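Below: upload_13.txt (compact mmCIF, C-alpha atoms and all ligand atoms)
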```txt
# COMPACT_ATOMS: atom_id res chain seq x y z
CA MET A 13 -52.77 -41.50 2.92
CA GLN A 14 -56.01 -42.12 1.10
CA ARG A 15 -56.60 -39.82 -1.86
CA ILE A 16 -59.80 -38.85 -3.56
CA ASP A 17 -59.80 -41.01 -6.63
CA PHE A 18 -61.83 -39.65 -9.50
CA ARG A 19 -61.87 -42.88 -11.44
CA SER A 20 -63.09 -45.17 -8.73
CA ARG A 21 -65.54 -42.62 -7.37
CA THR A 22 -67.19 -41.50 -10.54
CA ARG A 23 -67.19 -44.31 -13.03
CA SER A 24 -70.56 -46.00 -13.25
CA SER A 25 -70.88 -49.75 -13.02
CA ASP A 26 -70.65 -50.20 -16.78
CA GLY A 27 -67.37 -48.33 -16.77
CA SER A 28 -68.64 -45.22 -18.52
CA THR A 29 -67.88 -41.78 -17.16
CA GLU A 30 -70.87 -39.99 -18.62
CA ASN A 31 -73.06 -39.80 -15.57
CA ALA A 32 -70.27 -39.09 -13.18
CA ASP A 33 -69.00 -35.90 -14.73
CA GLY A 34 -72.40 -34.42 -15.38
CA GLY A 35 -72.26 -35.25 -19.07
CA ALA A 36 -75.74 -36.71 -18.92
CA PRO A 37 -78.58 -36.02 -16.50
CA SER A 38 -78.56 -38.65 -13.81
CA ASP A 39 -79.27 -39.04 -10.14
CA ALA A 40 -76.26 -41.32 -9.90
CA ALA A 41 -73.88 -38.40 -10.19
CA ARG A 42 -75.90 -36.32 -7.78
CA SER A 43 -75.84 -38.92 -5.06
CA GLU A 44 -72.10 -39.42 -5.48
CA ASP A 45 -70.24 -38.30 -2.40
CA PHE A 46 -67.00 -38.82 -0.56
CA SER A 47 -68.60 -40.93 2.15
CA VAL A 48 -69.16 -37.82 4.23
CA GLY A 49 -72.54 -36.82 2.86
CA VAL A 50 -71.44 -34.03 0.53
CA PRO A 51 -73.13 -34.08 -2.87
CA MET A 52 -71.02 -33.84 -6.00
CA ALA A 53 -71.80 -30.47 -7.56
CA GLN A 54 -69.51 -30.76 -10.59
CA VAL A 55 -66.38 -32.33 -12.00
CA VAL A 56 -63.99 -29.86 -13.65
CA PRO A 57 -61.38 -31.34 -15.98
CA ARG A 58 -57.77 -30.26 -16.18
CA THR A 59 -57.72 -27.39 -18.61
CA LEU A 60 -55.38 -27.61 -21.53
CA GLU A 61 -54.68 -23.89 -21.50
CA VAL A 62 -51.25 -22.49 -20.82
CA SER A 63 -52.95 -20.08 -18.45
CA PRO A 64 -56.06 -21.90 -17.20
CA THR A 65 -57.27 -19.17 -14.87
CA VAL A 66 -59.97 -17.66 -17.04
CA VAL A 67 -61.08 -20.55 -19.19
CA MET A 68 -64.60 -19.08 -19.33
CA LEU A 69 -63.23 -16.09 -21.23
CA ASP A 70 -60.34 -17.63 -23.14
CA GLN A 71 -62.05 -20.85 -24.22
CA PRO A 72 -65.80 -20.35 -23.71
CA ARG A 73 -66.69 -23.38 -25.85
CA SER A 74 -64.26 -25.77 -24.16
CA VAL A 75 -65.34 -28.69 -21.97
CA PRO A 76 -64.11 -27.01 -18.73
CA ALA A 77 -66.06 -23.82 -19.57
CA GLU A 78 -69.16 -25.91 -20.18
CA LYS A 79 -68.64 -27.55 -16.77
CA PHE A 80 -68.69 -24.14 -15.09
CA ARG A 81 -71.95 -23.26 -16.84
CA ARG A 82 -73.37 -26.60 -15.67
CA LEU A 83 -72.17 -25.91 -12.13
CA LYS A 84 -74.03 -22.60 -12.18
CA THR A 85 -77.19 -24.26 -13.49
CA ARG A 86 -77.01 -27.03 -10.94
CA LEU A 87 -76.56 -24.60 -8.05
CA LEU A 88 -79.44 -22.44 -9.25
CA ASN A 89 -81.66 -25.48 -9.71
CA ASP A 90 -80.79 -26.95 -6.34
CA TYR A 91 -80.88 -23.77 -4.27
CA LYS A 92 -83.10 -21.48 -6.35
CA ASP A 93 -83.80 -18.18 -4.61
CA THR A 94 -81.76 -19.05 -1.54
CA LEU A 95 -78.38 -18.60 -3.17
CA GLN A 96 -77.19 -15.02 -3.47
CA LEU A 97 -73.79 -15.14 -1.80
CA LEU A 98 -71.58 -18.22 -1.89
CA VAL A 99 -68.13 -18.92 -0.53
CA VAL A 100 -65.59 -21.12 -2.32
CA THR A 101 -62.96 -22.93 -0.29
CA SER A 102 -60.97 -26.17 -0.14
CA PRO A 103 -59.02 -28.08 2.49
CA ALA A 104 -55.51 -27.05 1.44
CA PRO A 105 -53.56 -24.61 -0.75
CA ARG A 106 -53.35 -24.93 -4.55
CA GLU A 107 -56.48 -27.04 -5.05
CA GLY A 108 -58.24 -24.68 -7.47
CA LYS A 109 -60.37 -22.42 -5.22
CA SER A 110 -59.51 -19.27 -7.15
CA LEU A 111 -59.94 -20.95 -10.53
CA VAL A 112 -63.38 -22.24 -9.54
CA ALA A 113 -64.47 -18.96 -7.89
CA LEU A 114 -63.44 -16.84 -10.85
CA ASN A 115 -64.91 -19.06 -13.56
CA LEU A 116 -68.12 -19.67 -11.63
CA ALA A 117 -68.50 -15.90 -11.15
CA LEU A 118 -67.98 -15.46 -14.89
CA ALA A 119 -70.64 -18.10 -15.55
CA PHE A 120 -73.07 -16.19 -13.32
CA SER A 121 -72.29 -12.83 -14.88
CA THR A 122 -74.69 -12.60 -17.77
CA ASP A 123 -76.10 -9.16 -16.90
CA PRO A 124 -73.78 -6.18 -16.38
CA GLY A 125 -73.38 -5.06 -12.80
CA GLN A 126 -75.29 -7.97 -11.29
CA THR A 127 -72.46 -10.30 -10.27
CA LEU A 128 -69.53 -9.59 -7.94
CA LEU A 129 -66.42 -11.67 -7.34
CA ILE A 130 -64.70 -10.95 -4.03
CA ASP A 131 -61.12 -12.03 -3.45
CA ALA A 132 -61.34 -12.52 0.31
CA ASP A 133 -58.05 -14.38 0.47
CA LEU A 134 -56.28 -11.65 2.40
CA ARG A 135 -53.33 -14.00 2.95
CA ARG A 136 -52.46 -14.90 -0.64
CA PRO A 137 -54.55 -12.73 -2.98
CA THR A 138 -54.90 -14.20 -6.43
CA VAL A 139 -57.51 -12.32 -8.39
CA GLN A 140 -55.75 -8.98 -8.43
CA LYS A 141 -52.50 -10.59 -9.49
CA ARG A 142 -54.24 -12.17 -12.45
CA MET A 143 -56.93 -9.63 -13.35
CA SER A 144 -56.84 -6.28 -11.62
CA PRO A 145 -55.57 -3.40 -13.71
CA ALA A 146 -54.20 -1.52 -10.71
CA PRO A 147 -53.37 -3.58 -7.63
CA GLY A 148 -53.72 -1.56 -4.47
CA LEU A 149 -57.15 -0.85 -3.08
CA GLY A 150 -59.32 -3.76 -2.15
CA LEU A 151 -61.27 -5.56 0.54
CA SER A 152 -58.64 -5.08 3.24
CA GLU A 153 -58.60 -1.28 2.72
CA VAL A 154 -62.40 -1.15 2.73
CA LEU A 155 -62.52 -3.13 5.98
CA LYS A 156 -59.89 -0.87 7.52
CA ARG A 157 -61.95 2.12 6.34
CA GLU A 158 -59.05 3.36 4.27
CA ALA A 159 -60.97 3.13 1.00
CA LYS A 160 -64.52 3.52 -0.19
CA LEU A 161 -66.22 0.47 -1.59
CA ASP A 162 -66.92 2.22 -4.90
CA HIS A 163 -63.24 2.99 -5.33
CA ALA A 164 -62.16 -0.58 -4.65
CA ILE A 165 -64.54 -2.43 -6.99
CA PHE A 166 -63.49 -2.59 -10.62
CA ARG A 167 -65.24 -3.85 -13.70
CA LEU A 168 -63.75 -6.25 -16.21
CA LYS A 169 -63.40 -4.95 -19.73
CA ASN A 170 -64.27 -8.22 -21.42
CA ALA A 171 -67.05 -9.57 -19.18
CA PRO A 172 -70.01 -8.13 -17.27
CA LEU A 173 -68.39 -8.99 -13.94
CA ARG A 174 -67.44 -6.67 -11.07
CA VAL A 175 -64.47 -7.58 -8.89
CA LEU A 176 -63.53 -6.58 -5.37
CA PRO A 177 -59.84 -7.54 -5.10
CA ALA A 178 -58.22 -8.41 -1.80
CA GLY A 179 -56.07 -5.32 -1.55
CA ASN A 180 -52.89 -5.48 0.47
CA PRO A 181 -52.37 -8.59 2.60
CA VAL A 182 -52.99 -8.10 6.33
CA GLN A 183 -51.52 -9.63 9.50
CA ASP A 184 -54.78 -10.80 11.05
CA PRO A 185 -57.46 -11.33 8.42
CA VAL A 186 -59.83 -13.12 10.81
CA GLU A 187 -60.11 -10.07 13.05
CA LEU A 188 -60.94 -7.86 10.06
CA LEU A 189 -63.34 -10.38 8.54
CA SER A 190 -65.21 -10.84 11.84
CA SER A 191 -65.59 -7.09 12.48
CA ASP A 192 -68.85 -5.16 12.50
CA THR A 193 -67.53 -3.33 9.44
CA ALA A 194 -67.36 -6.67 7.60
CA LYS A 195 -70.89 -7.58 8.67
CA SER A 196 -72.32 -4.33 7.38
CA LEU A 197 -70.20 -4.48 4.21
CA PHE A 198 -71.64 -7.86 3.27
CA ALA A 199 -75.16 -6.61 4.04
CA THR A 200 -74.56 -3.63 1.73
CA LEU A 201 -73.18 -5.86 -1.02
CA ARG A 202 -76.27 -8.06 -0.82
CA GLU A 203 -78.39 -5.01 -1.56
CA SER A 204 -76.29 -4.11 -4.59
CA PHE A 205 -75.63 -7.43 -6.34
CA GLU A 206 -77.80 -10.31 -7.43
CA ARG A 207 -75.00 -12.86 -7.10
CA ILE A 208 -71.74 -12.76 -5.10
CA VAL A 209 -68.93 -15.33 -5.23
CA VAL A 210 -66.23 -15.18 -2.54
CA ASP A 211 -62.75 -16.67 -2.96
CA THR A 212 -61.06 -17.61 0.31
CA PRO A 213 -57.94 -19.23 1.83
CA PRO A 214 -57.95 -22.98 2.59
CA ILE A 215 -60.22 -23.97 5.47
CA VAL A 216 -58.07 -26.57 7.26
CA PRO A 217 -55.24 -24.23 8.31
CA PHE A 218 -57.34 -21.02 8.55
CA THR A 219 -60.80 -20.04 9.83
CA ASP A 220 -61.33 -17.22 7.30
CA ALA A 221 -63.60 -19.26 5.03
CA ASP A 222 -65.83 -20.37 7.90
CA VAL A 223 -66.08 -16.78 9.17
CA LEU A 224 -67.07 -15.63 5.68
CA GLY A 225 -69.49 -18.54 5.50
CA GLY A 226 -71.45 -16.77 8.24
CA TYR A 227 -72.33 -13.99 5.77
CA SER A 228 -73.13 -16.43 2.99
CA ASP A 229 -75.86 -18.77 1.80
CA GLY A 230 -73.48 -21.70 1.60
CA ILE A 231 -69.96 -22.98 1.02
CA LEU A 232 -68.77 -24.78 -2.10
CA LEU A 233 -65.89 -27.15 -1.34
CA VAL A 234 -63.22 -27.77 -3.96
CA ALA A 235 -61.11 -30.94 -3.96
CA ARG A 236 -58.27 -31.58 -6.38
CA ALA A 237 -58.44 -34.98 -8.03
CA GLY A 238 -55.54 -37.25 -7.19
CA SER A 239 -54.22 -34.72 -4.72
CA THR A 240 -56.64 -33.86 -1.93
CA PRO A 241 -56.36 -36.51 0.79
CA ARG A 242 -59.69 -37.92 1.89
CA SER A 243 -58.79 -37.23 5.53
CA ALA A 244 -58.26 -33.54 4.72
CA PHE A 245 -61.55 -33.40 2.86
CA THR A 246 -63.38 -34.96 5.81
CA GLN A 247 -61.70 -32.49 8.14
CA ALA A 248 -62.72 -29.59 5.90
CA VAL A 249 -66.34 -30.73 6.03
CA SER A 250 -66.23 -30.82 9.83
CA LEU A 251 -64.74 -27.32 9.94
CA VAL A 252 -67.73 -25.76 8.18
CA THR A 253 -69.78 -24.61 11.15
CA SER A 254 -71.24 -21.29 10.02
CA THR A 255 -73.40 -22.36 7.09
CA ARG A 256 -74.43 -25.28 4.89
CA ILE A 257 -72.19 -27.06 2.38
CA LEU A 258 -73.61 -26.66 -1.11
CA GLY A 259 -71.56 -29.43 -2.69
CA VAL A 260 -68.11 -30.44 -3.83
CA VAL A 261 -66.36 -29.51 -7.04
CA LEU A 262 -63.84 -32.15 -8.00
CA ASN A 263 -61.25 -30.12 -9.85
CA ASP A 264 -58.42 -30.93 -12.23
CA VAL A 265 -59.69 -34.29 -13.32
CA THR A 266 -57.65 -35.86 -16.07
CA PHE A 267 -59.57 -37.80 -18.66
CA THR A 268 -58.01 -40.43 -20.81
CA PHE A 269 -57.71 -39.64 -24.49
CA ALA A 270 -60.72 -41.90 -25.15
CA ASP A 271 -62.83 -40.00 -22.60
CA TYR A 272 -61.90 -36.69 -24.18
CA GLY A 273 -62.68 -38.10 -27.59
CA SER A 274 -66.21 -39.00 -26.59
CA HIS A 275 -66.75 -35.57 -25.00
CA TYR A 276 -65.52 -33.71 -28.04
CA ASP A 277 -67.72 -35.87 -30.27
CA TYR A 278 -70.67 -34.90 -28.11
CA TYR A 279 -69.93 -31.18 -28.34
CA ASN A 280 -69.12 -31.31 -32.02
CA SER A 281 -72.41 -32.97 -32.82
CA TYR A 282 -74.28 -30.45 -30.66
CA TYR A 283 -72.75 -27.47 -32.43
CA GLN A 284 -73.21 -29.05 -35.83
CA GLU A 285 -76.91 -29.61 -35.14
CA LYS A 286 -77.33 -26.05 -33.93
CA HIS A 287 -75.47 -24.67 -36.89
CA GLU A 288 -77.51 -26.67 -39.37
CA GLY A 289 -80.74 -25.63 -37.65
CA GLU A 290 -79.73 -21.98 -37.75
CA GLU A 291 -78.82 -22.18 -41.42
CA SER A 292 -82.12 -23.70 -42.37
CA GLY A 293 -83.89 -20.99 -40.42
CA LYS A 294 -85.37 -23.34 -37.80
N1 LIG B 301 -58.58 -27.63 -13.64
C1 LIG B 301 -57.34 -27.14 -13.73
N2 LIG B 301 -56.62 -27.30 -14.86
C2 LIG B 301 -55.36 -26.83 -14.99
N3 LIG B 301 -54.73 -26.12 -14.02
C3 LIG B 301 -55.39 -25.92 -12.87
C4 LIG B 301 -56.72 -26.41 -12.66
N4 LIG B 301 -57.11 -26.04 -11.41
C5 LIG B 301 -56.08 -25.35 -10.89
N5 LIG B 301 -55.05 -25.26 -11.74
C6 LIG B 301 -53.78 -24.56 -11.54
O1 LIG B 301 -53.31 -24.90 -10.23
C7 LIG B 301 -52.80 -23.74 -9.59
C8 LIG B 301 -53.58 -23.48 -8.31
O2 LIG B 301 -54.88 -23.07 -8.66
P1 LIG B 301 -55.62 -21.93 -7.83
O3 LIG B 301 -54.76 -20.73 -7.67
O4 LIG B 301 -56.96 -21.75 -8.43
O5 LIG B 301 -55.72 -22.71 -6.43
P2 LIG B 301 -56.07 -22.15 -5.00
O6 LIG B 301 -56.71 -23.27 -4.26
O7 LIG B 301 -56.85 -20.89 -5.14
O8 LIG B 301 -54.63 -21.84 -4.42
P3 LIG B 301 -54.28 -20.97 -3.10
O9 LIG B 301 -54.57 -21.86 -1.93
O10 LIG B 301 -52.83 -20.66 -3.27
O11 LIG B 301 -55.15 -19.74 -3.11
C9 LIG B 301 -52.89 -22.58 -10.57
O12 LIG B 301 -51.67 -22.46 -11.26
C10 LIG B 301 -53.97 -23.04 -11.52
O13 LIG B 301 -53.85 -22.46 -12.79
MG MG B 302 -56.52 -18.98 -4.33
```
Encoding of this model in structure tokens:
Amino acid sequence: MQRIDFRSRTRSSDGSTENADGGAPSDAARSEDFSVGVPMAQVVPRTLEVSPTVVMLDQPRSVPAEKFRRLKTRLLNDYKDTLQLLVVTSPAPREGKSLVALNLALAFSTDPGQTLLIDADLRRPTVQKRMSPAPGLGLSEVLKREAKLDHAIFRLKNAPLRVLPAGNPVQDPVELLSSDTAKSLFATLRESFERIVVDTPPIVPFTDADVLGGYSDGILLVARAGSTPRSAFTQAVSLVTSTRILGVVLNDVTFTFADYGSHYDYYNSYYQEKHEGEESGK
């Protein structure tokens, strides 16, 4: 089976990786695609954390955290005012949907109360397992009218992000997510939040993400480097029928030591310059 190959897809002709991973501004990286017309939105490296879930909080100055900030900037530049609610999905399980959704939401959340992360994976909820102080109430209870929205949303202590966890898993998520209650819930959320990021189950086995796409301004597709088969990626693209595809995030890319070295040099020099400028009062 053919696999998405980070190295062959993103190295430029001179062998450098700078353009491909967004390290330098270039149209070459933007026009990169997987032969199915999906623009590359960002490359996210493998994080070196023991628990990589919240790299934006745990390691805000790391290369992966910087990639999430760049992803945010790229999306805002490309889609400007037309991007309030976006859905994150991928072809298969365990490709990094939740990691990307959570860290992208954290990148968006600069003003308190303006950004909401929704764990709409009612099959295998992740966010509440990793972040919620009191698992229990969530999206599924709100959709079943067993809980009020205000009671289900919680705020993070260490970031200006609000979270609507999934709640208890349900038998038939698609029925709940397609209901009139869901439609009006998403309309209400649009009135309350500037930016909404929605984490979902994989799109090849389940239609949840495409249903949620119908309430959104676009779907961000995640592929896991060296793992997501190209055929599955192509299938995922064809299964997005409800909205546009914003781009692909190639996740869990492993750099060679030399690649990492050049990246860290770049960041070190940036911070040194800034530090020196600050000290001299510039
Ligand atoms: N860039 C990365 N660096 C290191 N670990 C990663 C990276 N991306 C994902 N992982 C790890 O891979 C596992 C799967 O990630 P995640 O839960 O985000 O995937 P998912 O697509 O949401 O999975 P599911 O389909 O089960 O919801 C997690 O343990 C996560 O920490
Ligand atoms: Mg997940």
Return as a PDB file with C-alpha atoms, keeping the file's coordinate frame the residues of protein, DNA or RNA that approach ligand MG 302 (chain B) to within 9 Å, with only C-alpha atoms and all ligand atoms taken into account.
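In the end it all went to out_35.pdb:
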```pdb
ATOM      1  CA  THR A 101     -62.960 -22.930  -0.290  1.00  0.00           C
ATOM      2  CA  PRO A 105     -53.560 -24.610  -0.750  1.00  0.00           C
ATOM      3  CA  ARG A 106     -53.350 -24.930  -4.550  1.00  0.00           C
ATOM      4  CA  GLU A 107     -56.480 -27.040  -5.050  1.00  0.00           C
ATOM      5  CA  GLY A 108     -58.240 -24.680  -7.470  1.00  0.00           C
ATOM      6  CA  LYS A 109     -60.370 -22.420  -5.220  1.00  0.00           C
ATOM      7  CA  SER A 110     -59.510 -19.270  -7.150  1.00  0.00           C
ATOM      8  CA  LEU A 111     -59.940 -20.950 -10.530  1.00  0.00           C
ATOM      9  CA  ALA A 113     -64.470 -18.960  -7.890  1.00  0.00           C
ATOM     10  CA  ASP A 131     -61.120 -12.030  -3.450  1.00  0.00           C
ATOM     11  CA  ASP A 133     -58.050 -14.380   0.470  1.00  0.00           C
ATOM     12  CA  ARG A 136     -52.460 -14.900  -0.640  1.00  0.00           C
ATOM     13  CA  PRO A 137     -54.550 -12.730  -2.980  1.00  0.00           C
ATOM     14  CA  THR A 138     -54.900 -14.200  -6.430  1.00  0.00           C
ATOM     15  CA  VAL A 139     -57.510 -12.320  -8.390  1.00  0.00           C
ATOM     16  CA  ASP A 211     -62.750 -16.670  -2.960  1.00  0.00           C
ATOM     17  CA  THR A 212     -61.060 -17.610   0.310  1.00  0.00           C
ATOM     18  CA  PRO A 213     -57.940 -19.230   1.830  1.00  0.00           C
ATOM     19  CA  PRO A 214     -57.950 -22.980   2.590  1.00  0.00           C
TER      20      PRO A 214
END
```
* To do: Give the answer as one residue: which of A:Gly226, A:Pro57, A:Pro172, A:Pro177 has the shortest atom-to-atom distance to ligand LIG 301 (chain B), using all atoms listed in the file?
  =>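 The answer is A:Pro57, which sits nearest to ligand LIG 301 (chain B).
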So for ligand LIG 301 (chain B), what box centre and size do we get, axis-aligned, 4 Å extra on each of the six sides, every listed atom, Å to one decimal, as lines of an AutoDock Vina configuration file?
```
center_x = -55.1
center_y = -23.7
center_z = -8.5
size_x = 14.9
size_y = 15.9
size_z = 21.1
```
* **Separation of CA of Ser204 (chain A) from CA of Ile165 (chain A) in Å** =>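 Separating CA of Ile165 (chain A) from CA of Ser204 (chain A) is a distance of 12.1 Å.
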* **Point (-66.5, -19.4, 5.6), cut-off 7 Å, counting only C-alpha atoms, residues as a ChimeraX atom specification** => /A:99,220-226,231,252,254
* To do: Scan for residues within 9 Å of the point (-63.6, -33.1, -10.9) in the coordinates of the file, using only C-alpha atoms, and reply as a PyMOL selection string.
  => chain A and resi 18+33+52+54-58+234-237+260-266
Go ahead and dump the residues you just picked, C-alpha atoms, as a PDB file, in the frame of the given file.
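Contents of selection_38.pdb, freshly written:
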```pdb
ATOM      1  CA  PHE A  18     -61.830 -39.650  -9.500  1.00  0.00           C
ATOM      2  CA  ASP A  33     -69.000 -35.900 -14.730  1.00  0.00           C
ATOM      3  CA  MET A  52     -71.020 -33.840  -6.000  1.00  0.00           C
ATOM      4  CA  GLN A  54     -69.510 -30.760 -10.590  1.00  0.00           C
ATOM      5  CA  VAL A  55     -66.380 -32.330 -12.000  1.00  0.00           C
ATOM      6  CA  VAL A  56     -63.990 -29.860 -13.650  1.00  0.00           C
ATOM      7  CA  PRO A  57     -61.380 -31.340 -15.980  1.00  0.00           C
ATOM      8  CA  ARG A  58     -57.770 -30.260 -16.180  1.00  0.00           C
ATOM      9  CA  VAL A 234     -63.220 -27.770  -3.960  1.00  0.00           C
ATOM     10  CA  ALA A 235     -61.110 -30.940  -3.960  1.00  0.00           C
ATOM     11  CA  ARG A 236     -58.270 -31.580  -6.380  1.00  0.00           C
ATOM     12  CA  ALA A 237     -58.440 -34.980  -8.030  1.00  0.00           C
ATOM     13  CA  VAL A 260     -68.110 -30.440  -3.830  1.00  0.00           C
ATOM     14  CA  VAL A 261     -66.360 -29.510  -7.040  1.00  0.00           C
ATOM     15  CA  LEU A 262     -63.840 -32.150  -8.000  1.00  0.00           C
ATOM     16  CA  ASN A 263     -61.250 -30.120  -9.850  1.00  0.00           C
ATOM     17  CA  ASP A 264     -58.420 -30.930 -12.230  1.00  0.00           C
ATOM     18  CA  VAL A 265     -59.690 -34.290 -13.320  1.00  0.00           C
ATOM     19  CA  THR A 266     -57.650 -35.860 -16.070  1.00  0.00           C
TER      20      THR A 266
END
```
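Using all atoms listed in the file, the shortest contact distance between ligand LIG 301 (chain B) and any of A:Ala159, A:Leu134, A:Val50, A:Leu88 is found at A:Leu134.
Of the residues under consideration (A:Leu151, A:Val100, A:Pro51, A:Tyr91), A:Val100 shows the shortest atom-to-atom contact distance to ligand LIG 301 (chain B) when counting all atoms listed in the file.
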* Excluding Asp162 (chain A) and residues on its chain fewer than 6 positions from it, collect all residues at most 12 Å away from it, counting only C-alpha atoms, and give them as an MDAnalysis selection string. => chainID A and resid 149:151 153:154 174:176 197 200:201 204
With C-alpha atoms retained, could you export that selection as a CSV table (one decimal), keeping the file's coordinate frame?
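Generated file (selection_23.csv):
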```csv
chain,number,residue,atom,x,y,z
A,149,LEU,CA,-57.2,-0.8,-3.1
A,150,GLY,CA,-59.3,-3.8,-2.2
A,151,LEU,CA,-61.3,-5.6,0.5
A,153,GLU,CA,-58.6,-1.3,2.7
A,154,VAL,CA,-62.4,-1.2,2.7
A,174,ARG,CA,-67.4,-6.7,-11.1
A,175,VAL,CA,-64.5,-7.6,-8.9
A,176,LEU,CA,-63.5,-6.6,-5.4
A,197,LEU,CA,-70.2,-4.5,4.2
A,200,THR,CA,-74.6,-3.6,1.7
A,201,LEU,CA,-73.2,-5.9,-1.0
A,204,SER,CA,-76.3,-4.1,-4.6
```
* For Ile208 (chain A), list every protein, DNA or RNA residue within 8 Å, evaluated using all atoms listed in the file, and leave out those in the same chain fewer than 6 positions away; present the list as a list of chain:residue names. =>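 Answer for this query is A:Gln96, A:Leu97, A:Leu98, A:Ala117, A:Thr127, A:Leu128, A:Leu129, A:Ile130, A:Arg202.
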* Of the candidates A:Gln247, A:Asn89, A:Thr240, A:Ser102, which shows the shortest atom-to-atom distance to ligand LIG 301 (chain B), using all atoms listed in the file? ->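 Ranking A:Gln247, A:Asn89, A:Thr240, A:Ser102 by distance to ligand LIG 301 (chain B), first place goes to A:Ser102.
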* Of the candidates A:Leu188, A:Leu95, A:Leu258, A:Ala104, which shows the shortest atom-to-atom distance to ligand LIG 301 (chain B), using all atoms listed in the file? -> A:Ala104
